[in-house]
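First the structure, in the form of structure tokens, and then the observations on it.
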Amino acid sequence: LGCPNRSLVQLSLMMINKVCILPRHWFNSRVVKHTTRRASLSSSSCCDELIRRYDDTVNSVTTLTLNNPKKYNVLSSAVLDAMQLQLDDIAANDSISVLVIRSTGNAFSAGHDLKEIHAHGTNEEIVALFQKCSKLMMSVNKLPQPVIASVQGIATAAGCQLVASCDLAVAANEATFGVSGINVGLFCSTPAVALSRNVHAKQAMHMLLTGDLISSEQAVAYGLINKAVSMDTLEAETMMLAKKVASKSNYAIRLGKDVFYKQLQCDDLKDAYELTTERIASNFQHDDTKRMIAKFVNK
């Protein structure tokens, strides 16, 4: 029969993809192509096709961009691996003061790739995938630098979890948020961890039990995001915030992020005050702090 027309092959694959679950080995062979074509981590431009990195060395702000818009920036295993690699590198880089996480296309992230999960099949493989995702979310939370989510579109399930895991979040007015796994018979247990640490329990449970999406305006009221802005100003508003935070003492910002989350974990108010008293005292002893306070009091 000879070699079929390339466009016909592509069309056939698209049709197959719409009506059935592709074999795991076929899916993995495609995503590996993306993750292996990587520039140096120190590069100031993109590092692969799934995650792009840009280092603004002037303002000490690094941006990671989810770049799989055709699949709604799903957090596939390959994306999680690529992003974890970047987070580990950023955590070790003292010259980076703030990290921004954003996406291309109409969706911030639709969460996990259900086709990938369905193809995994075994409980052990699914557990391993969600452990990988949980590690990434904890890495965002424990990153020395503040992390800002810049949300231009829908953020659902693990995508909403990623927003909730960031320290700050700015969203376009058109963006929506949800933990809608319940609509396919799946309670969003792991996204609930981050969501419930941002949003009041009754509001979180309403989202989790109904699968309803909330608007950016509601997300601000719930405490999930800091600010809703027009789509046209989203990038400028995000970078204004990032640069403002980055302009502060890098030492104080890192100390502050660490102690803020640690004191929240204290069961006793006395323990929280003991921890923060020790930290604020050590903060006063830092050279940058001494210099800035001396400048202020000697005006």
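In the structure tokens, chains take the letters A, B, ... in the order shown, each chain's residues start at 1, and ligands count up from 1 in the order shown.
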Apply DSSP to the structure's backbone, then extract all residues of range 78-119 of chain A labelled helix (DSSP H, G or I) and return them as number ranges by chain.
A: 78-91, 114-119
Test item: residues at most 9 Å from Ile51 in chain A, only C-alpha atoms, excluding those fewer than 5 positions along its chain, as a PyMOL selection string:
chain A and resi 35+46+64-68+79+82-83+86
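Shortest atom-to-atom contact with Glu278 in chain A among A:Met292, A:Met138, A:Leu255, A:Leu224: A:Leu255, counting only C-alpha atoms.
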Using only C-alpha atoms, which residue out of A:Ser180, A:Ser139, A:Ser103, A:Ser230 lies closest to Ala157 in chain A?
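Among A:Ser180, A:Ser139, A:Ser103, A:Ser230, it is A:Ser180 that comes nearest to Ala157 in chain A.
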Surrounding residues of range 207-217 of chain A excluding itself and chain neighbours under 5 positions, 6 Å, only C-alpha atoms, as a ChimeraX atom specification:
/A:173,175-180,182,228
Please produce a file of the residues just selected, as a PDB file, in the first residue's frame, where the atoms kept are all heavy atoms.
```pdb
ATOM      1  N   ASN A 173      -9.901  38.617  35.385  1.00  0.00           N
ATOM      2  CA  ASN A 173     -11.318  38.577  35.738  1.00  0.00           C
ATOM      3  C   ASN A 173     -12.019  37.372  35.122  1.00  0.00           C
ATOM      4  O   ASN A 173     -12.980  36.850  35.684  1.00  0.00           O
ATOM      5  CB  ASN A 173     -12.015  39.864  35.281  1.00  0.00           C
ATOM      6  CG  ASN A 173     -11.547  41.080  36.059  1.00  0.00           C
ATOM      7  OD1 ASN A 173     -11.287  41.001  37.258  1.00  0.00           O
ATOM      8  ND2 ASN A 173     -11.438  42.227  35.390  1.00  0.00           N
ATOM      9  N   ALA A 175     -10.785  34.387  34.702  1.00  0.00           N
ATOM     10  CA  ALA A 175     -10.320  33.098  35.245  1.00  0.00           C
ATOM     11  C   ALA A 175     -11.383  32.483  36.153  1.00  0.00           C
ATOM     12  O   ALA A 175     -12.161  33.189  36.799  1.00  0.00           O
ATOM     13  CB  ALA A 175      -9.022  33.296  36.020  1.00  0.00           C
ATOM     14  N   THR A 176     -11.394  31.160  36.175  1.00  0.00           N
ATOM     15  CA  THR A 176     -12.298  30.434  37.065  1.00  0.00           C
ATOM     16  C   THR A 176     -11.516  29.352  37.798  1.00  0.00           C
ATOM     17  O   THR A 176     -10.462  28.908  37.340  1.00  0.00           O
ATOM     18  CB  THR A 176     -13.464  29.794  36.304  1.00  0.00           C
ATOM     19  OG1 THR A 176     -12.950  28.995  35.225  1.00  0.00           O
ATOM     20  CG2 THR A 176     -14.411  30.852  35.755  1.00  0.00           C
ATOM     21  N   PHE A 177     -12.064  28.915  38.934  1.00  0.00           N
ATOM     22  CA  PHE A 177     -11.355  27.975  39.795  1.00  0.00           C
ATOM     23  C   PHE A 177     -12.317  26.889  40.264  1.00  0.00           C
ATOM     24  O   PHE A 177     -13.481  27.152  40.544  1.00  0.00           O
ATOM     25  CB  PHE A 177     -10.778  28.710  41.012  1.00  0.00           C
ATOM     26  CG  PHE A 177      -9.898  29.872  40.655  1.00  0.00           C
ATOM     27  CD1 PHE A 177     -10.443  31.124  40.377  1.00  0.00           C
ATOM     28  CD2 PHE A 177      -8.518  29.719  40.583  1.00  0.00           C
ATOM     29  CE1 PHE A 177      -9.638  32.198  40.038  1.00  0.00           C
ATOM     30  CE2 PHE A 177      -7.705  30.785  40.250  1.00  0.00           C
ATOM     31  CZ  PHE A 177      -8.257  32.023  39.971  1.00  0.00           C
ATOM     32  N   GLY A 178     -11.802  25.662  40.357  1.00  0.00           N
ATOM     33  CA  GLY A 178     -12.658  24.584  40.826  1.00  0.00           C
ATOM     34  C   GLY A 178     -11.874  23.355  41.205  1.00  0.00           C
ATOM     35  O   GLY A 178     -10.706  23.195  40.826  1.00  0.00           O
ATOM     36  N   VAL A 179     -12.516  22.491  41.974  1.00  0.00           N
ATOM     37  CA  VAL A 179     -11.980  21.164  42.293  1.00  0.00           C
ATOM     38  C   VAL A 179     -13.081  20.178  41.910  1.00  0.00           C
ATOM     39  O   VAL A 179     -13.793  19.647  42.757  1.00  0.00           O
ATOM     40  CB  VAL A 179     -11.580  21.060  43.776  1.00  0.00           C
ATOM     41  CG1 VAL A 179     -10.179  21.615  44.009  1.00  0.00           C
ATOM     42  CG2 VAL A 179     -12.562  21.788  44.691  1.00  0.00           C
ATOM     43  N   SER A 180     -13.210  19.970  40.614  1.00  0.00           N
ATOM     44  CA  SER A 180     -14.404  19.360  40.034  1.00  0.00           C
ATOM     45  C   SER A 180     -14.289  17.867  39.780  1.00  0.00           C
ATOM     46  O   SER A 180     -15.039  17.314  38.984  1.00  0.00           O
ATOM     47  CB  SER A 180     -14.765  20.087  38.731  1.00  0.00           C
ATOM     48  OG  SER A 180     -13.617  20.258  37.914  1.00  0.00           O
ATOM     49  N   ILE A 182     -15.294  15.559  41.524  1.00  0.00           N
ATOM     50  CA  ILE A 182     -16.536  14.900  41.951  1.00  0.00           C
ATOM     51  C   ILE A 182     -17.477  14.679  40.781  1.00  0.00           C
ATOM     52  O   ILE A 182     -18.320  13.761  40.796  1.00  0.00           O
ATOM     53  CB  ILE A 182     -17.231  15.734  43.067  1.00  0.00           C
ATOM     54  CG1 ILE A 182     -18.215  14.869  43.864  1.00  0.00           C
ATOM     55  CG2 ILE A 182     -17.875  16.981  42.500  1.00  0.00           C
ATOM     56  CD1 ILE A 182     -17.556  13.840  44.737  1.00  0.00           C
ATOM     57  N   ALA A 228      -8.039  40.281  41.500  1.00  0.00           N
ATOM     58  CA  ALA A 228      -8.551  40.006  40.159  1.00  0.00           C
ATOM     59  C   ALA A 228      -8.407  41.276  39.326  1.00  0.00           C
ATOM     60  O   ALA A 228      -8.783  42.363  39.772  1.00  0.00           O
ATOM     61  CB  ALA A 228     -10.004  39.573  40.214  1.00  0.00           C
TER      62      ALA A 228
END
```
